[in-house]
file work.cif (mmCIF, N, CA and C atoms)
data_coords
#
loop_
_atom_site.group_PDB
_atom_site.id
_atom_site.type_symbol
_atom_site.label_atom_id
_atom_site.label_comp_id
_atom_site.auth_asym_id
_atom_site.auth_seq_id
_atom_site.Cartn_x
_atom_site.Cartn_y
_atom_site.Cartn_z
ATOM 1 N N MET A 3 13.039 31.143 15.391
ATOM 2 C CA MET A 3 13.533 32.220 14.559
ATOM 3 C C MET A 3 14.472 33.083 15.414
ATOM 4 N N PRO A 4 15.682 33.318 14.966
ATOM 5 C CA PRO A 4 16.633 34.112 15.742
ATOM 6 C C PRO A 4 16.090 35.517 16.049
ATOM 7 N N GLY A 5 16.387 35.978 17.258
ATOM 8 C CA GLY A 5 15.990 37.332 17.632
ATOM 9 C C GLY A 5 14.584 37.437 18.198
ATOM 10 N N TYR A 6 13.927 36.292 18.421
ATOM 11 C CA TYR A 6 12.565 36.334 18.945
ATOM 12 C C TYR A 6 12.510 35.723 20.324
ATOM 13 N N GLU A 7 11.674 36.299 21.132
ATOM 14 C CA GLU A 7 11.429 35.807 22.483
ATOM 15 C C GLU A 7 9.939 35.547 22.598
ATOM 16 N N ALA A 8 9.591 34.420 23.160
ATOM 17 C CA ALA A 8 8.178 34.083 23.321
ATOM 18 C C ALA A 8 7.813 34.138 24.798
ATOM 19 N N SER A 9 6.722 34.772 25.087
ATOM 20 C CA SER A 9 6.202 34.812 26.446
ATOM 21 C C SER A 9 4.684 34.853 26.357
ATOM 22 N N VAL A 10 4.049 34.635 27.484
ATOM 23 C CA VAL A 10 2.592 34.625 27.545
ATOM 24 C C VAL A 10 2.154 35.823 28.368
ATOM 25 N N PHE A 11 1.082 36.451 27.938
ATOM 26 C CA PHE A 11 0.526 37.521 28.755
ATOM 27 C C PHE A 11 -0.989 37.388 28.750
ATOM 28 N N TYR A 12 -1.568 37.865 29.802
ATOM 29 C CA TYR A 12 -3.022 37.858 29.944
ATOM 30 C C TYR A 12 -3.481 39.290 30.171
ATOM 31 N N GLY A 13 -4.639 39.591 29.687
ATOM 32 C CA GLY A 13 -5.194 40.918 29.885
ATOM 33 C C GLY A 13 -6.705 40.860 29.755
ATOM 34 N N VAL A 14 -7.308 41.975 29.988
ATOM 35 C CA VAL A 14 -8.756 42.086 29.894
ATOM 36 C C VAL A 14 -9.070 43.136 28.842
ATOM 37 N N ALA A 15 -10.010 42.818 27.972
ATOM 38 C CA ALA A 15 -10.406 43.752 26.917
ATOM 39 C C ALA A 15 -11.921 43.858 26.909
ATOM 40 N N GLY A 16 -12.393 44.923 26.346
ATOM 41 C CA GLY A 16 -13.828 45.142 26.225
ATOM 42 C C GLY A 16 -14.132 45.672 24.840
ATOM 43 N N PRO A 17 -15.384 45.964 24.596
ATOM 44 C CA PRO A 17 -15.752 46.485 23.281
ATOM 45 C C PRO A 17 -15.115 47.849 23.022
ATOM 46 N N LYS A 18 -14.851 48.115 21.772
ATOM 47 C CA LYS A 18 -14.233 49.388 21.378
ATOM 48 C C LYS A 18 -15.064 50.587 21.826
ATOM 49 N N SER A 19 -16.364 50.393 21.939
ATOM 50 C CA SER A 19 -17.269 51.476 22.298
ATOM 51 C C SER A 19 -17.401 51.685 23.816
ATOM 52 N N MET A 20 -16.619 50.962 24.610
ATOM 53 C CA MET A 20 -16.723 51.089 26.061
ATOM 54 C C MET A 20 -16.384 52.526 26.482
ATOM 55 N N PRO A 21 -17.211 53.130 27.305
ATOM 56 C CA PRO A 21 -16.954 54.508 27.735
ATOM 57 C C PRO A 21 -15.615 54.631 28.478
ATOM 58 N N PRO A 22 -14.871 55.698 28.219
ATOM 59 C CA PRO A 22 -13.550 55.879 28.846
ATOM 60 C C PRO A 22 -13.586 55.815 30.375
ATOM 61 N N GLU A 23 -14.672 56.307 30.984
ATOM 62 C CA GLU A 23 -14.736 56.268 32.448
ATOM 63 C C GLU A 23 -14.872 54.835 32.958
ATOM 64 N N VAL A 24 -15.512 53.967 32.201
ATOM 65 C CA VAL A 24 -15.619 52.552 32.577
ATOM 66 C C VAL A 24 -14.252 51.892 32.422
ATOM 67 N N VAL A 25 -13.562 52.195 31.344
ATOM 68 C CA VAL A 25 -12.212 51.664 31.131
ATOM 69 C C VAL A 25 -11.309 52.081 32.285
ATOM 70 N N ALA A 26 -11.367 53.357 32.663
ATOM 71 C CA ALA A 26 -10.525 53.859 33.750
ATOM 72 C C ALA A 26 -10.846 53.176 35.075
ATOM 73 N N THR A 27 -12.122 52.979 35.357
ATOM 74 C CA THR A 27 -12.534 52.326 36.600
ATOM 75 C C THR A 27 -12.049 50.880 36.646
ATOM 76 N N LEU A 28 -12.240 50.160 35.559
ATOM 77 C CA LEU A 28 -11.797 48.770 35.509
ATOM 78 C C LEU A 28 -10.276 48.668 35.584
ATOM 79 N N ASN A 29 -9.586 49.529 34.868
ATOM 80 C CA ASN A 29 -8.126 49.511 34.883
ATOM 81 C C ASN A 29 -7.603 49.770 36.292
ATOM 82 N N LYS A 30 -8.191 50.725 36.972
ATOM 83 C CA LYS A 30 -7.776 51.032 38.346
ATOM 84 C C LYS A 30 -7.997 49.818 39.245
ATOM 85 N N ALA A 31 -9.152 49.183 39.129
ATOM 86 C CA ALA A 31 -9.463 48.016 39.964
ATOM 87 C C ALA A 31 -8.498 46.857 39.690
ATOM 88 N N PHE A 32 -8.210 46.573 38.433
ATOM 89 C CA PHE A 32 -7.282 45.489 38.107
ATOM 90 C C PHE A 32 -5.880 45.795 38.605
ATOM 91 N N ASN A 33 -5.433 47.039 38.422
ATOM 92 C CA ASN A 33 -4.089 47.396 38.875
ATOM 93 C C ASN A 33 -3.984 47.366 40.397
ATOM 94 N N GLU A 34 -5.048 47.744 41.089
ATOM 95 C CA GLU A 34 -5.050 47.635 42.550
ATOM 96 C C GLU A 34 -4.989 46.173 42.970
ATOM 97 N N ALA A 35 -5.725 45.327 42.277
ATOM 98 C CA ALA A 35 -5.687 43.897 42.584
ATOM 99 C C ALA A 35 -4.289 43.337 42.363
ATOM 100 N N LEU A 36 -3.635 43.758 41.297
ATOM 101 C CA LEU A 36 -2.284 43.268 41.009
ATOM 102 C C LEU A 36 -1.259 43.758 42.024
ATOM 103 N N ALA A 37 -1.585 44.812 42.766
ATOM 104 C CA ALA A 37 -0.689 45.333 43.798
ATOM 105 C C ALA A 37 -0.871 44.594 45.136
ATOM 106 N N ASP A 38 -1.910 43.782 45.254
ATOM 107 C CA ASP A 38 -2.194 43.053 46.480
ATOM 108 C C ASP A 38 -1.139 41.959 46.675
ATOM 109 N N PRO A 39 -0.462 41.957 47.836
ATOM 110 C CA PRO A 39 0.584 40.957 48.075
ATOM 111 C C PRO A 39 0.102 39.507 47.941
ATOM 112 N N LYS A 40 -1.129 39.214 48.325
ATOM 113 C CA LYS A 40 -1.646 37.843 48.195
ATOM 114 C C LYS A 40 -1.760 37.450 46.722
ATOM 115 N N ILE A 41 -2.223 38.371 45.899
ATOM 116 C CA ILE A 41 -2.345 38.085 44.469
ATOM 117 C C ILE A 41 -0.969 37.984 43.839
ATOM 118 N N GLN A 42 -0.060 38.870 44.234
ATOM 119 C CA GLN A 42 1.304 38.802 43.710
ATOM 120 C C GLN A 42 1.951 37.463 44.054
ATOM 121 N N LYS A 43 1.751 36.997 45.299
ATOM 122 C CA LYS A 43 2.323 35.706 45.695
ATOM 123 C C LYS A 43 1.716 34.567 44.888
ATOM 124 N N ARG A 44 0.410 34.598 44.727
ATOM 125 C CA ARG A 44 -0.253 33.525 43.967
ATOM 126 C C ARG A 44 0.244 33.496 42.531
ATOM 127 N N LEU A 45 0.347 34.661 41.916
ATOM 128 C CA LEU A 45 0.862 34.717 40.547
ATOM 129 C C LEU A 45 2.297 34.212 40.481
ATOM 130 N N ALA A 46 3.123 34.605 41.455
ATOM 131 C CA ALA A 46 4.516 34.146 41.491
ATOM 132 C C ALA A 46 4.574 32.629 41.657
ATOM 133 N N ASP A 47 3.693 32.077 42.512
ATOM 134 C CA ASP A 47 3.648 30.626 42.698
ATOM 135 C C ASP A 47 3.313 29.901 41.389
ATOM 136 N N LEU A 48 2.570 30.576 40.524
ATOM 137 C CA LEU A 48 2.201 30.003 39.226
ATOM 138 C C LEU A 48 3.206 30.344 38.128
ATOM 139 N N GLY A 49 4.273 31.054 38.500
ATOM 140 C CA GLY A 49 5.304 31.423 37.529
ATOM 141 C C GLY A 49 5.018 32.716 36.804
ATOM 142 N N GLY A 50 4.051 33.471 37.308
ATOM 143 C CA GLY A 50 3.683 34.727 36.655
ATOM 144 C C GLY A 50 4.330 35.937 37.302
ATOM 145 N N GLU A 51 4.306 36.998 36.580
ATOM 146 C CA GLU A 51 4.846 38.269 37.054
ATOM 147 C C GLU A 51 3.837 39.361 36.725
ATOM 148 N N PRO A 52 3.184 39.938 37.737
ATOM 149 C CA PRO A 52 2.187 40.970 37.449
ATOM 150 C C PRO A 52 2.833 42.197 36.831
ATOM 151 N N THR A 53 2.199 42.716 35.812
ATOM 152 C CA THR A 53 2.693 43.907 35.127
ATOM 153 C C THR A 53 1.523 44.867 34.929
ATOM 154 N N PRO A 54 1.223 45.660 35.959
ATOM 155 C CA PRO A 54 0.133 46.621 35.804
ATOM 156 C C PRO A 54 0.428 47.582 34.658
ATOM 157 N N MET A 55 -0.601 47.933 33.900
ATOM 158 C CA MET A 55 -0.445 48.814 32.743
ATOM 159 C C MET A 55 -1.622 49.768 32.643
ATOM 160 N N THR A 56 -1.399 50.805 31.872
ATOM 161 C CA THR A 56 -2.502 51.676 31.479
ATOM 162 C C THR A 56 -3.178 51.025 30.277
ATOM 163 N N PRO A 57 -4.389 51.444 29.947
ATOM 164 C CA PRO A 57 -5.014 50.914 28.736
ATOM 165 C C PRO A 57 -4.158 51.168 27.486
ATOM 166 N N GLU A 58 -3.505 52.300 27.450
ATOM 167 C CA GLU A 58 -2.662 52.626 26.289
ATOM 168 C C GLU A 58 -1.457 51.690 26.208
ATOM 169 N N GLN A 59 -0.856 51.392 27.344
ATOM 170 C CA GLN A 59 0.286 50.475 27.358
ATOM 171 C C GLN A 59 -0.141 49.067 26.928
ATOM 172 N N PHE A 60 -1.301 48.626 27.401
ATOM 173 C CA PHE A 60 -1.789 47.300 27.008
ATOM 174 C C PHE A 60 -2.108 47.268 25.516
ATOM 175 N N GLY A 61 -2.684 48.340 25.014
ATOM 176 C CA GLY A 61 -2.955 48.430 23.578
ATOM 177 C C GLY A 61 -1.685 48.335 22.759
ATOM 178 N N LYS A 62 -0.636 49.016 23.221
ATOM 179 C CA LYS A 62 0.653 48.965 22.517
ATOM 180 C C LYS A 62 1.241 47.555 22.586
ATOM 181 N N LEU A 63 1.149 46.923 23.754
ATOM 182 C CA LEU A 63 1.661 45.558 23.896
ATOM 183 C C LEU A 63 0.972 44.618 22.920
ATOM 184 N N THR A 64 -0.348 44.658 22.864
ATOM 185 C CA THR A 64 -1.058 43.748 21.967
ATOM 186 C C THR A 64 -0.757 44.058 20.509
ATOM 187 N N SER A 65 -0.624 45.326 20.187
ATOM 188 C CA SER A 65 -0.285 45.717 18.815
ATOM 189 C C SER A 65 1.124 45.240 18.447
ATOM 190 N N ASP A 66 2.075 45.466 19.351
ATOM 191 C CA ASP A 66 3.460 45.042 19.103
ATOM 192 C C ASP A 66 3.555 43.522 18.966
ATOM 193 N N GLU A 67 2.854 42.796 19.827
ATOM 194 C CA GLU A 67 2.889 41.330 19.762
ATOM 195 C C GLU A 67 2.256 40.816 18.462
ATOM 196 N N THR A 68 1.168 41.434 18.057
ATOM 197 C CA THR A 68 0.519 41.041 16.803
ATOM 198 C C THR A 68 1.469 41.255 15.629
ATOM 199 N N GLU A 69 2.128 42.395 15.615
ATOM 200 C CA GLU A 69 3.083 42.696 14.532
ATOM 201 C C GLU A 69 4.253 41.715 14.548
ATOM 202 N N LYS A 70 4.788 41.447 15.733
ATOM 203 C CA LYS A 70 5.929 40.526 15.858
ATOM 204 C C LYS A 70 5.564 39.130 15.344
ATOM 205 N N TRP A 71 4.427 38.593 15.795
ATOM 206 C CA TRP A 71 4.081 37.232 15.422
ATOM 207 C C TRP A 71 3.569 37.133 13.995
ATOM 208 N N ALA A 72 3.051 38.208 13.455
ATOM 209 C CA ALA A 72 2.666 38.205 12.039
ATOM 210 C C ALA A 72 3.901 37.996 11.166
ATOM 211 N N LYS A 73 5.022 38.594 11.570
ATOM 212 C CA LYS A 73 6.269 38.412 10.816
ATOM 213 C C LYS A 73 6.727 36.953 10.878
ATOM 214 N N VAL A 74 6.595 36.332 12.030
ATOM 215 C CA VAL A 74 6.988 34.930 12.189
ATOM 216 C C VAL A 74 6.106 34.040 11.319
ATOM 217 N N VAL A 75 4.807 34.277 11.372
ATOM 218 C CA VAL A 75 3.868 33.489 10.568
ATOM 219 C C VAL A 75 4.191 33.627 9.087
ATOM 220 N N LYS A 76 4.455 34.849 8.656
ATOM 221 C CA LYS A 76 4.771 35.086 7.237
ATOM 222 C C LYS A 76 6.102 34.422 6.855
ATOM 223 N N ALA A 77 7.128 34.593 7.700
ATOM 224 C CA ALA A 77 8.453 34.020 7.396
ATOM 225 C C ALA A 77 8.395 32.498 7.338
ATOM 226 N N ALA A 78 7.545 31.894 8.159
ATOM 227 C CA ALA A 78 7.434 30.433 8.180
ATOM 228 C C ALA A 78 6.402 29.933 7.176
ATOM 229 N N ASN A 79 5.756 30.857 6.454
ATOM 230 C CA ASN A 79 4.752 30.499 5.458
ATOM 231 C C ASN A 79 3.648 29.629 6.073
ATOM 232 N N LEU A 80 3.170 30.054 7.253
ATOM 233 C CA LEU A 80 2.123 29.312 7.942
ATOM 234 C C LEU A 80 0.759 29.768 7.481
ATOM 235 N N SER A 81 -0.192 28.864 7.600
ATOM 236 C CA SER A 81 -1.588 29.223 7.281
ATOM 237 C C SER A 81 -2.518 28.380 8.142
ATOM 238 N N ILE A 82 -3.734 28.845 8.267
ATOM 239 C CA ILE A 82 -4.733 28.107 9.028
ATOM 240 C C ILE A 82 -5.466 27.182 8.081
ATOM 241 N N GLU A 83 -5.628 25.948 8.488
ATOM 242 C CA GLU A 83 -6.336 24.971 7.654
ATOM 243 C C GLU A 83 -7.629 24.581 8.298
#
call {"tool": "encode", "arguments": {"input": "work.cif", "output": "structure tokens"}}
result
Amino acid sequence: MPGYEASVFYGVAGPKSMPPEVVATLNKAFNEALADPKIQKRLADLGGEPTPMTPEQFGKLTSDETEKWAKVVKAANLSIE
């Protein structure tokens, strides 16, 4: 479909009821890990690009991607069988 770009992203999610302090602790730990040169090199060797985010940024990314691909599914008249 013209105007669309496809990429893959990975993230970590938890239950909606997860306490904010737990979310903050986990987010900090993951972002610190992504800043580690050894992890950055390994990801680069696999063709990945680390993109540390806040929980809010990740939420927006997943929401935006869901909206984008829902339009593609609808335009192509796709369904699950």
call {"tool": "residues_around", "arguments": {"input": "work.cif", "residues": "Gly49 of chain A", "least_positions_apart": "4", "cutoff": "12 Å", "atoms": "only C-alpha atoms", "output": "number ranges by chain"}}
result
A: 9-11, 42-45
call {"tool": "residues_around", "arguments": {"input": "work.cif", "residues": "Thr53 of chain A", "least_positions_apart": "2", "cutoff": "7 Å", "atoms": "only N, CA and C atoms", "output": "PyMOL selection string"}}
result
chain A and resi 36+51+55
call {"tool": "resolve_selection", "arguments": {"input": "work.cif", "expression": "the PyMOL selection byres (((chain A and resi 54 and name CA) around 9) and name CA)", "output": "list in words"}}
result
Asn29, Phe32, Asn33, Glu34, Leu36, Ala37, Pro52, Thr53, Met55 and Thr56 of chain A
call {"tool": "residues_around", "arguments": {"input": "work.cif", "residues": "segment 76-82 of chain A", "least_positions_apart": "5", "cutoff": "12 Å", "atoms": "only C-alpha atoms", "output": "VMD selection string"}}
result
chain A and resid 3 to 4 69 to 71
call {"tool": "atom_distance", "arguments": {"input": "work.cif", "atom1": "atom C of Gln59 of chain A", "atom2": "atom CA of Gly13 of chain A"}}
result
10.0 Å
call {"tool": "select_by_dssp", "arguments": {"input": "work.cif", "residues": "chain A", "states": "alpha helix (DSSP H)", "output": "PDB file with N, CA and C atoms, keeping the file's coordinate frame"}}
result
ATOM      1  N   PRO A  22     -14.871  55.698  28.219  1.00  0.00           N
ATOM      2  CA  PRO A  22     -13.550  55.879  28.846  1.00  0.00           C
ATOM      3  C   PRO A  22     -13.586  55.815  30.375  1.00  0.00           C
ATOM      4  N   GLU A  23     -14.672  56.307  30.984  1.00  0.00           N
ATOM      5  CA  GLU A  23     -14.736  56.268  32.448  1.00  0.00           C
ATOM      6  C   GLU A  23     -14.872  54.835  32.958  1.00  0.00           C
ATOM      7  N   VAL A  24     -15.512  53.967  32.201  1.00  0.00           N
ATOM      8  CA  VAL A  24     -15.619  52.552  32.577  1.00  0.00           C
ATOM      9  C   VAL A  24     -14.252  51.892  32.422  1.00  0.00           C
ATOM     10  N   VAL A  25     -13.562  52.195  31.344  1.00  0.00           N
ATOM     11  CA  VAL A  25     -12.212  51.664  31.131  1.00  0.00           C
ATOM     12  C   VAL A  25     -11.309  52.081  32.285  1.00  0.00           C
ATOM     13  N   ALA A  26     -11.367  53.357  32.663  1.00  0.00           N
ATOM     14  CA  ALA A  26     -10.525  53.859  33.750  1.00  0.00           C
ATOM     15  C   ALA A  26     -10.846  53.176  35.075  1.00  0.00           C
ATOM     16  N   THR A  27     -12.122  52.979  35.357  1.00  0.00           N
ATOM     17  CA  THR A  27     -12.534  52.326  36.600  1.00  0.00           C
ATOM     18  C   THR A  27     -12.049  50.880  36.646  1.00  0.00           C
ATOM     19  N   LEU A  28     -12.240  50.160  35.559  1.00  0.00           N
ATOM     20  CA  LEU A  28     -11.797  48.770  35.509  1.00  0.00           C
ATOM     21  C   LEU A  28     -10.276  48.668  35.584  1.00  0.00           C
ATOM     22  N   ASN A  29      -9.586  49.529  34.868  1.00  0.00           N
ATOM     23  CA  ASN A  29      -8.126  49.511  34.883  1.00  0.00           C
ATOM     24  C   ASN A  29      -7.603  49.770  36.292  1.00  0.00           C
ATOM     25  N   LYS A  30      -8.191  50.725  36.972  1.00  0.00           N
ATOM     26  CA  LYS A  30      -7.776  51.032  38.346  1.00  0.00           C
ATOM     27  C   LYS A  30      -7.997  49.818  39.245  1.00  0.00           C
ATOM     28  N   ALA A  31      -9.152  49.183  39.129  1.00  0.00           N
ATOM     29  CA  ALA A  31      -9.463  48.016  39.964  1.00  0.00           C
ATOM     30  C   ALA A  31      -8.498  46.857  39.690  1.00  0.00           C
ATOM     31  N   PHE A  32      -8.210  46.573  38.433  1.00  0.00           N
ATOM     32  CA  PHE A  32      -7.282  45.489  38.107  1.00  0.00           C
ATOM     33  C   PHE A  32      -5.880  45.795  38.605  1.00  0.00           C
ATOM     34  N   ASN A  33      -5.433  47.039  38.422  1.00  0.00           N
ATOM     35  CA  ASN A  33      -4.089  47.396  38.875  1.00  0.00           C
ATOM     36  C   ASN A  33      -3.984  47.366  40.397  1.00  0.00           C
ATOM     37  N   GLU A  34      -5.048  47.744  41.089  1.00  0.00           N
ATOM     38  CA  GLU A  34      -5.050  47.635  42.550  1.00  0.00           C
ATOM     39  C   GLU A  34      -4.989  46.173  42.970  1.00  0.00           C
ATOM     40  N   ALA A  35      -5.725  45.327  42.277  1.00  0.00           N
ATOM     41  CA  ALA A  35      -5.687  43.897  42.584  1.00  0.00           C
ATOM     42  C   ALA A  35      -4.289  43.337  42.363  1.00  0.00           C
ATOM     43  N   LEU A  36      -3.635  43.758  41.297  1.00  0.00           N
ATOM     44  CA  LEU A  36      -2.284  43.268  41.009  1.00  0.00           C
ATOM     45  C   LEU A  36      -1.259  43.758  42.024  1.00  0.00           C
ATOM     46  N   ALA A  37      -1.585  44.812  42.766  1.00  0.00           N
ATOM     47  CA  ALA A  37      -0.689  45.333  43.798  1.00  0.00           C
ATOM     48  C   ALA A  37      -0.871  44.594  45.136  1.00  0.00           C
ATOM     49  N   PRO A  39      -0.462  41.957  47.836  1.00  0.00           N
ATOM     50  CA  PRO A  39       0.584  40.957  48.075  1.00  0.00           C
ATOM     51  C   PRO A  39       0.102  39.507  47.941  1.00  0.00           C
ATOM     52  N   LYS A  40      -1.129  39.214  48.325  1.00  0.00           N
ATOM     53  CA  LYS A  40      -1.646  37.843  48.195  1.00  0.00           C
ATOM     54  C   LYS A  40      -1.760  37.450  46.722  1.00  0.00           C
ATOM     55  N   ILE A  41      -2.223  38.371  45.899  1.00  0.00           N
ATOM     56  CA  ILE A  41      -2.345  38.085  44.469  1.00  0.00           C
ATOM     57  C   ILE A  41      -0.969  37.984  43.839  1.00  0.00           C
ATOM     58  N   GLN A  42      -0.060  38.870  44.234  1.00  0.00           N
ATOM     59  CA  GLN A  42       1.304  38.802  43.710  1.00  0.00           C
ATOM     60  C   GLN A  42       1.951  37.463  44.054  1.00  0.00           C
ATOM     61  N   LYS A  43       1.751  36.997  45.299  1.00  0.00           N
ATOM     62  CA  LYS A  43       2.323  35.706  45.695  1.00  0.00           C
ATOM     63  C   LYS A  43       1.716  34.567  44.888  1.00  0.00           C
ATOM     64  N   ARG A  44       0.410  34.598  44.727  1.00  0.00           N
ATOM     65  CA  ARG A  44      -0.253  33.525  43.967  1.00  0.00           C
ATOM     66  C   ARG A  44       0.244  33.496  42.531  1.00  0.00           C
ATOM     67  N   LEU A  45       0.347  34.661  41.916  1.00  0.00           N
ATOM     68  CA  LEU A  45       0.862  34.717  40.547  1.00  0.00           C
ATOM     69  C   LEU A  45       2.297  34.212  40.481  1.00  0.00           C
ATOM     70  N   ALA A  46       3.123  34.605  41.455  1.00  0.00           N
ATOM     71  CA  ALA A  46       4.516  34.146  41.491  1.00  0.00           C
ATOM     72  C   ALA A  46       4.574  32.629  41.657  1.00  0.00           C
ATOM     73  N   ASP A  47       3.693  32.077  42.512  1.00  0.00           N
ATOM     74  CA  ASP A  47       3.648  30.626  42.698  1.00  0.00           C
ATOM     75  C   ASP A  47       3.313  29.901  41.389  1.00  0.00           C
ATOM     76  N   PRO A  57      -4.389  51.444  29.947  1.00  0.00           N
ATOM     77  CA  PRO A  57      -5.014  50.914  28.736  1.00  0.00           C
ATOM     78  C   PRO A  57      -4.158  51.168  27.486  1.00  0.00           C
ATOM     79  N   GLU A  58      -3.505  52.300  27.450  1.00  0.00           N
ATOM     80  CA  GLU A  58      -2.662  52.626  26.289  1.00  0.00           C
ATOM     81  C   GLU A  58      -1.457  51.690  26.208  1.00  0.00           C
ATOM     82  N   GLN A  59      -0.856  51.392  27.344  1.00  0.00           N
ATOM     83  CA  GLN A  59       0.286  50.475  27.358  1.00  0.00           C
ATOM     84  C   GLN A  59      -0.141  49.067  26.928  1.00  0.00           C
ATOM     85  N   PHE A  60      -1.301  48.626  27.401  1.00  0.00           N
ATOM     86  CA  PHE A  60      -1.789  47.300  27.008  1.00  0.00           C
ATOM     87  C   PHE A  60      -2.108  47.268  25.516  1.00  0.00           C
ATOM     88  N   GLY A  61      -2.684  48.340  25.014  1.00  0.00           N
ATOM     89  CA  GLY A  61      -2.955  48.430  23.578  1.00  0.00           C
ATOM     90  C   GLY A  61      -1.685  48.335  22.759  1.00  0.00           C
ATOM     91  N   LYS A  62      -0.636  49.016  23.221  1.00  0.00           N
ATOM     92  CA  LYS A  62       0.653  48.965  22.517  1.00  0.00           C
ATOM     93  C   LYS A  62       1.241  47.555  22.586  1.00  0.00           C
ATOM     94  N   LEU A  63       1.149  46.923  23.754  1.00  0.00           N
ATOM     95  CA  LEU A  63       1.661  45.558  23.896  1.00  0.00           C
ATOM     96  C   LEU A  63       0.972  44.618  22.920  1.00  0.00           C
ATOM     97  N   THR A  64      -0.348  44.658  22.864  1.00  0.00           N
ATOM     98  CA  THR A  64      -1.058  43.748  21.967  1.00  0.00           C
ATOM     99  C   THR A  64      -0.757  44.058  20.509  1.00  0.00           C
ATOM    100  N   SER A  65      -0.624  45.326  20.187  1.00  0.00           N
ATOM    101  CA  SER A  65      -0.285  45.717  18.815  1.00  0.00           C
ATOM    102  C   SER A  65       1.124  45.240  18.447  1.00  0.00           C
ATOM    103  N   ASP A  66       2.075  45.466  19.351  1.00  0.00           N
ATOM    104  CA  ASP A  66       3.460  45.042  19.103  1.00  0.00           C
ATOM    105  C   ASP A  66       3.555  43.522  18.966  1.00  0.00           C
ATOM    106  N   GLU A  67       2.854  42.796  19.827  1.00  0.00           N
ATOM    107  CA  GLU A  67       2.889  41.330  19.762  1.00  0.00           C
ATOM    108  C   GLU A  67       2.256  40.816  18.462  1.00  0.00           C
ATOM    109  N   THR A  68       1.168  41.434  18.057  1.00  0.00           N
ATOM    110  CA  THR A  68       0.519  41.041  16.803  1.00  0.00           C
ATOM    111  C   THR A  68       1.469  41.255  15.629  1.00  0.00           C
ATOM    112  N   GLU A  69       2.128  42.395  15.615  1.00  0.00           N
ATOM    113  CA  GLU A  69       3.083  42.696  14.532  1.00  0.00           C
ATOM    114  C   GLU A  69       4.253  41.715  14.548  1.00  0.00           C
ATOM    115  N   LYS A  70       4.788  41.447  15.733  1.00  0.00           N
ATOM    116  CA  LYS A  70       5.929  40.526  15.858  1.00  0.00           C
ATOM    117  C   LYS A  70       5.564  39.130  15.344  1.00  0.00           C
ATOM    118  N   TRP A  71       4.427  38.593  15.795  1.00  0.00           N
ATOM    119  CA  TRP A  71       4.081  37.232  15.422  1.00  0.00           C
ATOM    120  C   TRP A  71       3.569  37.133  13.995  1.00  0.00           C
ATOM    121  N   ALA A  72       3.051  38.208  13.455  1.00  0.00           N
ATOM    122  CA  ALA A  72       2.666  38.205  12.039  1.00  0.00           C
ATOM    123  C   ALA A  72       3.901  37.996  11.166  1.00  0.00           C
ATOM    124  N   LYS A  73       5.022  38.594  11.570  1.00  0.00           N
ATOM    125  CA  LYS A  73       6.269  38.412  10.816  1.00  0.00           C
ATOM    126  C   LYS A  73       6.727  36.953  10.878  1.00  0.00           C
ATOM    127  N   VAL A  74       6.595  36.332  12.030  1.00  0.00           N
ATOM    128  CA  VAL A  74       6.988  34.930  12.189  1.00  0.00           C
ATOM    129  C   VAL A  74       6.106  34.040  11.319  1.00  0.00           C
ATOM    130  N   VAL A  75       4.807  34.277  11.372  1.00  0.00           N
ATOM    131  CA  VAL A  75       3.868  33.489  10.568  1.00  0.00           C
ATOM    132  C   VAL A  75       4.191  33.627   9.087  1.00  0.00           C
ATOM    133  N   LYS A  76       4.455  34.849   8.656  1.00  0.00           N
ATOM    134  CA  LYS A  76       4.771  35.086   7.237  1.00  0.00           C
ATOM    135  C   LYS A  76       6.102  34.422   6.855  1.00  0.00           C
ATOM    136  N   ALA A  77       7.128  34.593   7.700  1.00  0.00           N
ATOM    137  CA  ALA A  77       8.453  34.020   7.396  1.00  0.00           C
ATOM    138  C   ALA A  77       8.395  32.498   7.338  1.00  0.00           C
TER     139      ALA A  77
END
call {"tool": "atom_distance", "arguments": {"input": "work.cif", "atom1": "atom C of Val14 of chain A", "atom2": "atom C of Ser65 of chain A"}}
result
14.7 Å
call {"tool": "atom_distance", "arguments": {"input": "work.cif", "atom1": "atom C of Val25 of chain A", "atom2": "atom C of Leu63 of chain A"}}
result
17.2 Å
